[in-house]
>>> print(open('final.cif').read())   # mmCIF, C-alpha atoms
data_input
loop_
_atom_site.label_atom_id
_atom_site.label_comp_id
_atom_site.auth_asym_id
_atom_site.auth_seq_id
_atom_site.Cartn_x
_atom_site.Cartn_y
_atom_site.Cartn_z
CA MET A 22 -10.89 -30.72 48.22
CA PRO A 23 -7.62 -30.72 46.23
CA THR A 24 -9.34 -32.71 43.51
CA CYS A 25 -12.21 -30.20 43.33
CA SER A 26 -9.72 -27.33 43.21
CA ARG A 27 -7.81 -29.05 40.41
CA ASP A 28 -11.05 -29.74 38.52
CA ALA A 29 -12.06 -26.10 38.85
CA ARG A 30 -8.73 -24.96 37.53
CA GLU A 31 -9.00 -27.37 34.60
CA TRP A 32 -12.54 -26.18 33.83
CA ARG A 33 -11.46 -22.53 33.85
CA SER A 34 -8.51 -23.41 31.66
CA SER A 35 -10.77 -25.21 29.18
CA GLN A 36 -13.12 -22.22 29.04
CA ARG A 37 -10.23 -19.86 28.35
CA HIS A 38 -9.05 -22.24 25.64
CA LYS A 39 -12.51 -22.28 24.06
CA ARG A 40 -12.72 -18.48 24.11
CA THR A 41 -9.24 -18.15 22.64
CA LYS A 42 -10.04 -20.74 20.00
CA THR A 43 -13.30 -18.98 19.14
CA GLN A 44 -11.54 -15.60 18.90
CA THR A 45 -8.76 -17.08 16.80
CA MET A 46 -11.26 -18.78 14.49
CA GLY A 47 -13.10 -15.46 14.11
CA GLN A 48 -9.90 -13.63 13.27
CA THR A 49 -8.89 -16.40 10.88
CA GLN A 50 -12.30 -16.30 9.21
CA GLN A 51 -12.04 -12.53 8.83
CA THR A 52 -8.54 -12.85 7.36
CA GLU A 53 -9.67 -15.60 4.99
CA ASN A 54 -12.63 -13.51 3.83
CA THR A 55 -10.32 -10.56 3.18
CA GLU A 56 -7.88 -12.78 1.29
CA GLU A 57 -10.74 -14.24 -0.77
CA ILE A 58 -11.76 -10.72 -1.80
CA ASP A 59 -8.16 -9.90 -2.67
CA VAL A 60 -7.72 -13.10 -4.68
CA LYS A 61 -10.93 -12.47 -6.62
CA ALA A 62 -9.91 -8.89 -7.36
CA LEU A 63 -6.44 -9.98 -8.43
CA GLN A 64 -7.78 -12.74 -10.68
CA ASP A 65 -10.17 -10.31 -12.32
CA MET A 66 -7.40 -7.80 -13.02
CA TYR A 67 -5.13 -10.53 -14.41
CA LYS A 68 -7.90 -11.57 -16.83
CA LYS A 69 -8.53 -7.95 -17.80
CA PHE A 70 -4.82 -7.43 -18.46
CA VAL A 71 -4.77 -10.37 -20.87
CA THR A 72 -7.93 -9.26 -22.70
CA GLU A 73 -7.17 -5.52 -22.78
CA CYS A 74 -3.45 -5.81 -23.46
CA PRO A 75 -3.05 -8.52 -26.11
CA SER A 76 0.49 -7.27 -26.78
CA GLY A 77 1.38 -8.23 -23.20
CA LEU A 78 2.63 -4.72 -22.42
CA LEU A 79 1.10 -1.68 -20.74
CA PHE A 80 2.37 1.79 -21.61
CA LEU A 81 1.72 4.71 -19.27
CA HIS A 82 -1.33 6.01 -21.13
CA GLU A 83 -2.76 2.47 -21.23
CA PHE A 84 -2.02 2.02 -17.53
CA LYS A 85 -4.03 5.16 -16.77
CA ARG A 86 -6.87 3.99 -19.02
CA PHE A 87 -6.77 0.54 -17.40
CA PHE A 88 -7.42 2.15 -14.02
CA GLY A 89 -9.81 4.81 -15.31
CA VAL A 90 -7.49 7.73 -14.55
CA ASP A 91 -8.13 11.05 -16.25
CA PRO A 92 -4.77 12.13 -17.77
CA THR A 93 -5.34 15.66 -16.44
CA GLY A 94 -7.11 14.72 -13.21
CA GLU A 95 -5.98 14.69 -9.59
CA ALA A 96 -4.94 11.03 -9.71
CA SER A 97 -2.73 11.41 -12.79
CA ASP A 98 0.53 12.15 -10.93
CA TYR A 99 -0.14 9.38 -8.44
CA ALA A 100 -0.83 6.94 -11.29
CA GLU A 101 2.48 7.89 -12.91
CA ASN A 102 4.30 7.16 -9.66
CA MET A 103 2.51 3.81 -9.38
CA PHE A 104 3.42 3.01 -12.99
CA ARG A 105 7.09 3.69 -12.31
CA ALA A 106 7.04 1.37 -9.28
CA PHE A 107 5.31 -1.39 -11.30
CA ASP A 108 7.93 -1.02 -14.06
CA THR A 109 10.74 -2.83 -12.26
CA ASN A 110 13.15 -3.04 -15.22
CA GLY A 111 12.70 0.62 -16.17
CA ASP A 112 11.79 0.06 -19.83
CA ASN A 113 8.72 2.35 -19.60
CA THR A 114 6.30 -0.54 -20.04
CA ILE A 115 4.69 -3.01 -17.66
CA ASP A 116 4.63 -6.63 -18.75
CA PHE A 117 2.37 -9.28 -17.26
CA LEU A 118 4.95 -10.59 -14.80
CA GLU A 119 5.66 -7.09 -13.48
CA PHE A 120 1.92 -6.48 -13.21
CA VAL A 121 1.33 -9.71 -11.27
CA ALA A 122 4.31 -9.19 -8.96
CA ALA A 123 3.37 -5.60 -8.11
CA LEU A 124 -0.30 -6.33 -7.45
CA ASN A 125 0.53 -9.32 -5.26
CA LEU A 126 2.88 -7.13 -3.25
CA VAL A 127 0.42 -4.25 -2.95
CA PHE A 128 -2.44 -6.52 -1.89
CA ARG A 129 -0.72 -9.28 0.03
CA GLY A 130 2.85 -8.32 0.93
CA ASP A 131 3.98 -7.80 4.52
CA MET A 132 4.59 -4.28 5.82
CA GLU A 133 8.36 -4.24 5.26
CA HIS A 134 7.99 -5.37 1.64
CA LYS A 135 5.27 -2.76 1.08
CA LEU A 136 7.55 -0.10 2.53
CA ARG A 137 10.39 -1.20 0.27
CA TRP A 138 8.03 -0.92 -2.69
CA SER A 139 6.83 2.49 -1.48
CA PHE A 140 10.45 3.64 -1.25
CA LYS A 141 10.79 2.93 -4.98
CA VAL A 142 7.77 5.15 -5.62
CA TYR A 143 9.34 8.02 -3.67
CA ASP A 144 12.81 7.50 -5.19
CA LYS A 145 11.90 8.94 -8.59
CA ASP A 146 15.43 9.01 -10.03
CA ASN A 147 16.28 5.53 -8.68
CA ASN A 148 19.52 6.66 -7.05
CA GLY A 149 18.83 4.87 -3.76
CA PHE A 150 17.88 8.02 -1.84
CA VAL A 151 14.73 10.08 -1.36
CA ASP A 152 15.52 13.79 -1.23
CA LYS A 153 13.27 16.63 -0.14
CA GLU A 154 11.99 17.42 -3.64
CA GLU A 155 11.12 13.79 -4.35
CA LEU A 156 9.35 13.56 -0.99
CA ARG A 157 7.47 16.77 -1.69
CA SER A 158 6.41 15.57 -5.15
CA ILE A 159 4.81 12.37 -3.83
CA ILE A 160 3.16 14.02 -0.81
CA HIS A 161 1.75 16.67 -3.15
CA SER A 162 0.28 13.98 -5.44
CA ILE A 163 -1.23 12.17 -2.43
CA TYR A 164 -2.85 15.41 -1.26
CA ARG A 165 -4.23 16.01 -4.76
CA VAL A 166 -5.80 12.54 -4.83
CA LYS A 167 -7.34 13.09 -1.42
CA LYS A 168 -8.68 16.48 -2.43
CA GLY A 169 -10.14 15.02 -5.62
CA THR A 170 -11.85 12.17 -3.78
CA LYS A 171 -12.78 14.36 -0.79
CA ALA A 172 -11.10 11.75 1.39
CA ASP A 173 -11.15 12.61 5.07
CA THR A 174 -7.68 12.92 6.55
CA ASN A 175 -6.20 13.73 9.93
CA GLU A 176 -3.31 15.41 8.17
CA CYS A 177 -5.46 18.12 6.55
CA HIS A 178 -4.06 20.77 8.91
CA PHE A 179 -0.55 20.10 7.56
CA THR A 180 0.57 21.81 4.37
CA VAL A 181 2.65 19.73 1.96
CA ASP A 182 5.81 21.48 3.15
CA ASP A 183 4.87 20.93 6.80
CA ALA A 184 4.34 17.21 6.14
CA VAL A 185 7.66 16.96 4.28
CA ASP A 186 9.56 18.72 7.08
CA ARG A 187 7.96 16.52 9.73
CA ILE A 188 8.82 13.34 7.83
CA LEU A 189 12.42 14.43 7.29
CA GLN A 190 12.82 15.35 10.94
CA ALA A 191 11.49 11.94 12.02
CA VAL A 192 13.21 9.77 9.41
CA ASP A 193 16.45 11.43 8.29
CA SER A 194 18.53 10.16 11.23
CA ASP A 195 21.91 11.45 9.99
CA GLY A 196 20.54 14.85 8.94
CA ASP A 197 22.01 14.81 5.44
CA GLY A 198 18.77 15.94 3.81
CA ARG A 199 17.99 12.65 2.11
CA ILE A 200 16.48 9.34 3.18
CA THR A 201 17.99 5.91 2.62
CA MET A 202 15.83 2.81 2.39
CA GLU A 203 16.99 1.73 5.87
CA GLU A 204 16.02 5.14 7.33
CA PHE A 205 12.75 5.00 5.42
CA ILE A 206 11.77 1.60 6.87
CA ARG A 207 13.06 2.28 10.39
CA GLY A 208 11.35 5.69 10.60
CA ALA A 209 8.05 4.29 9.37
CA GLN A 210 8.15 1.48 11.93
CA GLN A 211 8.84 3.89 14.79
CA ASP A 212 6.17 6.54 14.10
CA PRO A 213 2.55 5.63 13.17
CA TRP A 214 1.94 8.96 11.43
CA VAL A 215 5.10 8.63 9.38
CA LEU A 216 4.16 5.03 8.56
CA ASN A 217 0.81 6.22 7.27
CA MET A 218 2.48 8.75 4.98
CA LEU A 219 5.42 6.65 3.79
CA LYS A 220 3.29 3.64 2.85
CA LEU A 221 1.62 6.08 0.43
CA ASP A 222 -1.10 6.90 2.97
CA ILE A 223 -4.10 6.52 0.67
CA ASN A 224 -3.46 2.76 0.49
CA PRO A 225 -2.36 1.57 -2.96
CA ALA A 226 -4.51 -1.58 -2.76
CA LEU A 227 -7.69 0.40 -2.14
CA TRP A 228 -6.68 2.92 -4.81
CA VAL A 229 -6.22 0.11 -7.34
CA LEU A 230 -9.60 -1.41 -6.53
CA GLU A 231 -11.42 1.92 -6.51
CA GLN A 232 -9.90 3.10 -9.78
CA ARG A 233 -10.63 -0.24 -11.36
CA ARG A 234 -14.29 0.03 -10.31
CA LYS A 235 -14.48 3.50 -11.83
CA SER A 236 -12.87 2.39 -15.05
CA ALA A 237 -15.12 1.99 -18.05
CA HIS A 238 -13.18 -1.18 -18.78
CA PHE A 239 -14.08 -2.92 -15.51
#
>>> encode(input="final.cif", output="structure tokens")
Amino acid sequence: MPTCSRDAREWRSSQRHKRTKTQTMGQTQQTENTEEIDVKALQDMYKKFVTECPSGLLFLHEFKRFFGVDPTGEASDYAENMFRAFDTNGDNTIDFLEFVAALNLVFRGDMEHKLRWSFKVYDKDNNGFVDKEELRSIIHSIYRVKKGTKADTNECHFTVDDAVDRILQAVDSDGDGRITMEEFIRGAQQDPWVLNMLKLDINPALWVLEQRRKSAHF
């Protein structure tokens, strides 16, 4: 009897192991498929950069053209914010290394690194803080993109000012009217809605892919 009981326990344990292994393999396969798509997209954009930018530099108007952005369209402001975040040395151009580093981060970075990158997008004057006007500017550009693409959003009942006030209330822990990077990351990690907004909400990776598909240069 003890042997049978032990055998039964071992059998149940082996079945749980098989199920766990199967689930893990399925999750791994899904992750690998996603990564393969990302790698292919990245490789394509690297090749396009080399062929479309023989000088090795992208200026803002070329960046918009590269991603098929109408200079006067809804996505124009958002593209300018993306350009500024790509341009890590602040020389108003994007070289190949900046391009590669930014795309790898947008597509494949972990959440904290993506939030740190997003903070740079919000911090338009690069002073290490995001104030209310900077926050409002980015949220407004996100709303414009969503309106232009008719993207469905759970935040549609919030005005820009409502969204800004809610974010500040949740994130600005010391109440000084501006957000540090530490407050930015901590607030995003504590509130799912805030996280959705502060990581640029419309998903930079999807935006890059979608704009690239629309581009006449794709």
>>> closest_residue(input="final.cif", among="A:Ala123, A:Val166, A:Ile159, A:Ile115", to="Ser76 in chain A", atoms="all atoms listed in the file")
A:Ile115
>>> closest_residue(input="final.cif", among="A:Ala191, A:Val121, A:Ile160, A:Ala96", to="Asp108 in chain A", atoms="only C-alpha atoms")
A:Val121
>>> resolve_selection(input="final.cif", expression="the PyMOL selection byres ((chain A and resi 185) around 8)", output="PyMOL selection string")
chain A and resi 153+156-157+160+181-184+186-189
>>> closest_residue(input="final.cif", among="A:Ser97, A:Phe120, A:His134, A:Ala106", to="Lys68 in chain A", atoms="only C-alpha atoms")
A:Phe120
>>> atom_distance(input="final.cif", atom1="CA of Ala62 in chain A", atom2="CA of Cys74 in chain A")
17.6 Å
>>> atom_distance(input="final.cif", atom1="CA of Val71 in chain A", atom2="CA of Arg129 in chain A")
21.3 Å
>>> closest_residue(input="final.cif", among="A:Leu81, A:Val90, A:Leu124, A:Leu136", to="Asp112 in chain A", atoms="all atoms listed in the file")
A:Leu81
>>> residues_around(input="final.cif", residues="Phe80 in chain A", least_positions_apart="6", cutoff="9 Å", atoms="all atoms listed in the file", output="ChimeraX atom specification")
/A:104,113-115
>>> atom_distance(input="final.cif", atom1="CA of Val60 in chain A", atom2="CA of Glu73 in chain A")
19.6 Å
>>> residues_near_point(input="final.cif", point="(-5.0, 5.6, -14.8)", cutoff="10 Å", atoms="all atoms listed in the file", output="number ranges by chain")
A: 81-92, 94, 96-101, 103-104, 229, 232-233, 236
>>> write_last_selection(input="final.cif", atoms="C-alpha atoms", output="short mmCIF file (atom, residue, chain, number, x, y, z; two decimals), in the frame of the given file")
data_model
loop_
_atom_site.label_atom_id
_atom_site.label_comp_id
_atom_site.auth_asym_id
_atom_site.auth_seq_id
_atom_site.Cartn_x
_atom_site.Cartn_y
_atom_site.Cartn_z
CA LEU A 81 1.72 4.71 -19.27
CA HIS A 82 -1.33 6.01 -21.13
CA GLU A 83 -2.76 2.47 -21.23
CA PHE A 84 -2.02 2.02 -17.53
CA LYS A 85 -4.03 5.16 -16.77
CA ARG A 86 -6.87 3.99 -19.02
CA PHE A 87 -6.77 0.54 -17.40
CA PHE A 88 -7.42 2.15 -14.02
CA GLY A 89 -9.81 4.81 -15.31
CA VAL A 90 -7.49 7.73 -14.55
CA ASP A 91 -8.13 11.05 -16.25
CA PRO A 92 -4.77 12.13 -17.77
CA GLY A 94 -7.11 14.72 -13.21
CA ALA A 96 -4.94 11.03 -9.71
CA SER A 97 -2.73 11.41 -12.79
CA ASP A 98 0.53 12.15 -10.93
CA TYR A 99 -0.14 9.38 -8.44
CA ALA A 100 -0.83 6.94 -11.29
CA GLU A 101 2.48 7.89 -12.91
CA MET A 103 2.51 3.81 -9.38
CA PHE A 104 3.42 3.01 -12.99
CA VAL A 229 -6.22 0.11 -7.34
CA GLN A 232 -9.90 3.10 -9.78
CA ARG A 233 -10.63 -0.24 -11.36
CA SER A 236 -12.87 2.39 -15.05
#
>>> closest_atom_pairs(input="final.cif", of="range 69-156 of chain A", to="range 194-201 of chain A", cutoff="12 Å", atoms="all atoms listed in the file", output="Markdown table")
| residue | atom | partner | partner_atom | distance |
| --- | --- | --- | --- | --- |
| A:Arg137 | CA | A:Thr201 | CA | 10.7 |
| A:Phe140 | CA | A:Thr201 | CA | 8.8 |
| A:Lys141 | CA | A:Thr201 | CA | 10.9 |
| A:Tyr143 | CA | A:Ile200 | CA | 10.0 |
| A:Asp144 | CA | A:Ile200 | CA | 9.3 |
| A:Asn147 | CA | A:Thr201 | CA | 11.4 |
| A:Asn148 | CA | A:Thr201 | CA | 9.8 |
| A:Gly149 | CA | A:Thr201 | CA | 6.5 |
| A:Phe150 | CA | A:Thr201 | CA | 4.9 |
| A:Val151 | CA | A:Ile200 | CA | 4.9 |
| A:Asp152 | CA | A:Arg199 | CA | 4.3 |
| A:Lys153 | CA | A:Arg199 | CA | 6.6 |
| A:Glu154 | CA | A:Arg199 | CA | 9.6 |
| A:Glu155 | CA | A:Arg199 | CA | 9.5 |
| A:Leu156 | CA | A:Arg199 | CA | 9.2 |
>>> build_atoms(input="final.cif", residues="range 185-204 of chain A", atoms="N, CA, C and O atoms", output="mmCIF file, keeping the file's coordinate frame")
data_model
loop_
_atom_site.group_PDB
_atom_site.id
_atom_site.type_symbol
_atom_site.label_atom_id
_atom_site.label_comp_id
_atom_site.auth_asym_id
_atom_site.auth_seq_id
_atom_site.Cartn_x
_atom_site.Cartn_y
_atom_site.Cartn_z
ATOM 1 N N VAL A 185 6.319 17.337 4.726
ATOM 2 C CA VAL A 185 7.660 16.960 4.280
ATOM 3 C C VAL A 185 8.688 17.214 5.389
ATOM 4 O O VAL A 185 9.529 16.353 5.688
ATOM 5 N N ASP A 186 8.616 18.385 6.020
ATOM 6 C CA ASP A 186 9.560 18.720 7.080
ATOM 7 C C ASP A 186 9.422 17.773 8.266
ATOM 8 O O ASP A 186 10.420 17.353 8.864
ATOM 9 N N ARG A 187 8.176 17.427 8.597
ATOM 10 C CA ARG A 187 7.960 16.520 9.730
ATOM 11 C C ARG A 187 8.520 15.124 9.428
ATOM 12 O O ARG A 187 9.123 14.497 10.296
ATOM 13 N N ILE A 188 8.295 14.658 8.211
ATOM 14 C CA ILE A 188 8.820 13.340 7.830
ATOM 15 C C ILE A 188 10.340 13.323 7.871
ATOM 16 O O ILE A 188 10.959 12.413 8.425
ATOM 17 N N LEU A 189 10.958 14.360 7.291
ATOM 18 C CA LEU A 189 12.420 14.430 7.290
ATOM 19 C C LEU A 189 12.985 14.464 8.704
ATOM 20 O O LEU A 189 13.979 13.799 9.013
ATOM 21 N N GLN A 190 12.346 15.242 9.559
ATOM 22 C CA GLN A 190 12.820 15.350 10.940
ATOM 23 C C GLN A 190 12.741 14.003 11.650
ATOM 24 O O GLN A 190 13.627 13.648 12.430
ATOM 25 N N ALA A 191 11.690 13.226 11.345
ATOM 26 C CA ALA A 191 11.490 11.940 12.020
ATOM 27 C C ALA A 191 12.341 10.830 11.422
ATOM 28 O O ALA A 191 12.746 9.900 12.130
ATOM 29 N N VAL A 192 12.631 10.912 10.117
ATOM 30 C CA VAL A 192 13.210 9.770 9.410
ATOM 31 C C VAL A 192 14.696 9.955 9.082
ATOM 32 O O VAL A 192 15.470 8.989 9.137
ATOM 33 N N ASP A 193 15.080 11.176 8.733
ATOM 34 C CA ASP A 193 16.450 11.430 8.290
ATOM 35 C C ASP A 193 17.396 11.452 9.492
ATOM 36 O O ASP A 193 17.777 12.515 9.995
ATOM 37 N N SER A 194 17.806 10.279 9.952
ATOM 38 C CA SER A 194 18.530 10.160 11.230
ATOM 39 C C SER A 194 19.914 10.807 11.200
ATOM 40 O O SER A 194 20.400 11.277 12.221
ATOM 41 N N ASP A 195 20.567 10.847 10.037
ATOM 42 C CA ASP A 195 21.910 11.450 9.990
ATOM 43 C C ASP A 195 21.883 12.905 9.530
ATOM 44 O O ASP A 195 22.929 13.543 9.410
ATOM 45 N N GLY A 196 20.695 13.428 9.252
ATOM 46 C CA GLY A 196 20.540 14.850 8.940
ATOM 47 C C GLY A 196 21.196 15.312 7.666
ATOM 48 O O GLY A 196 21.529 16.490 7.519
ATOM 49 N N ASP A 197 21.356 14.411 6.683
ATOM 50 C CA ASP A 197 22.010 14.810 5.440
ATOM 51 C C ASP A 197 21.031 15.291 4.372
ATOM 52 O O ASP A 197 21.419 15.559 3.237
ATOM 53 N N GLY A 198 19.754 15.399 4.742
ATOM 54 C CA GLY A 198 18.770 15.940 3.810
ATOM 55 C C GLY A 198 18.206 14.941 2.818
ATOM 56 O O GLY A 198 17.470 15.315 1.909
ATOM 57 N N ARG A 199 18.550 13.679 2.979
ATOM 58 C CA ARG A 199 17.990 12.650 2.110
ATOM 59 C C ARG A 199 17.785 11.369 2.924
ATOM 60 O O ARG A 199 18.418 11.172 3.957
ATOM 61 N N ILE A 200 16.903 10.521 2.428
ATOM 62 C CA ILE A 200 16.480 9.340 3.180
ATOM 63 C C ILE A 200 16.938 8.079 2.453
ATOM 64 O O ILE A 200 16.671 7.905 1.259
ATOM 65 N N THR A 201 17.641 7.218 3.167
ATOM 66 C CA THR A 201 17.990 5.910 2.620
ATOM 67 C C THR A 201 16.830 4.950 2.838
ATOM 68 O O THR A 201 15.906 5.242 3.605
ATOM 69 N N MET A 202 16.887 3.787 2.183
ATOM 70 C CA MET A 202 15.830 2.810 2.390
ATOM 71 C C MET A 202 15.775 2.347 3.841
ATOM 72 O O MET A 202 14.685 2.153 4.399
ATOM 73 N N GLU A 203 16.949 2.170 4.472
ATOM 74 C CA GLU A 203 16.990 1.730 5.870
ATOM 75 C C GLU A 203 16.343 2.780 6.768
ATOM 76 O O GLU A 203 15.563 2.441 7.673
ATOM 77 N N GLU A 204 16.646 4.069 6.553
ATOM 78 C CA GLU A 204 16.020 5.140 7.330
ATOM 79 C C GLU A 204 14.518 5.181 7.072
ATOM 80 O O GLU A 204 13.728 5.401 8.005
#
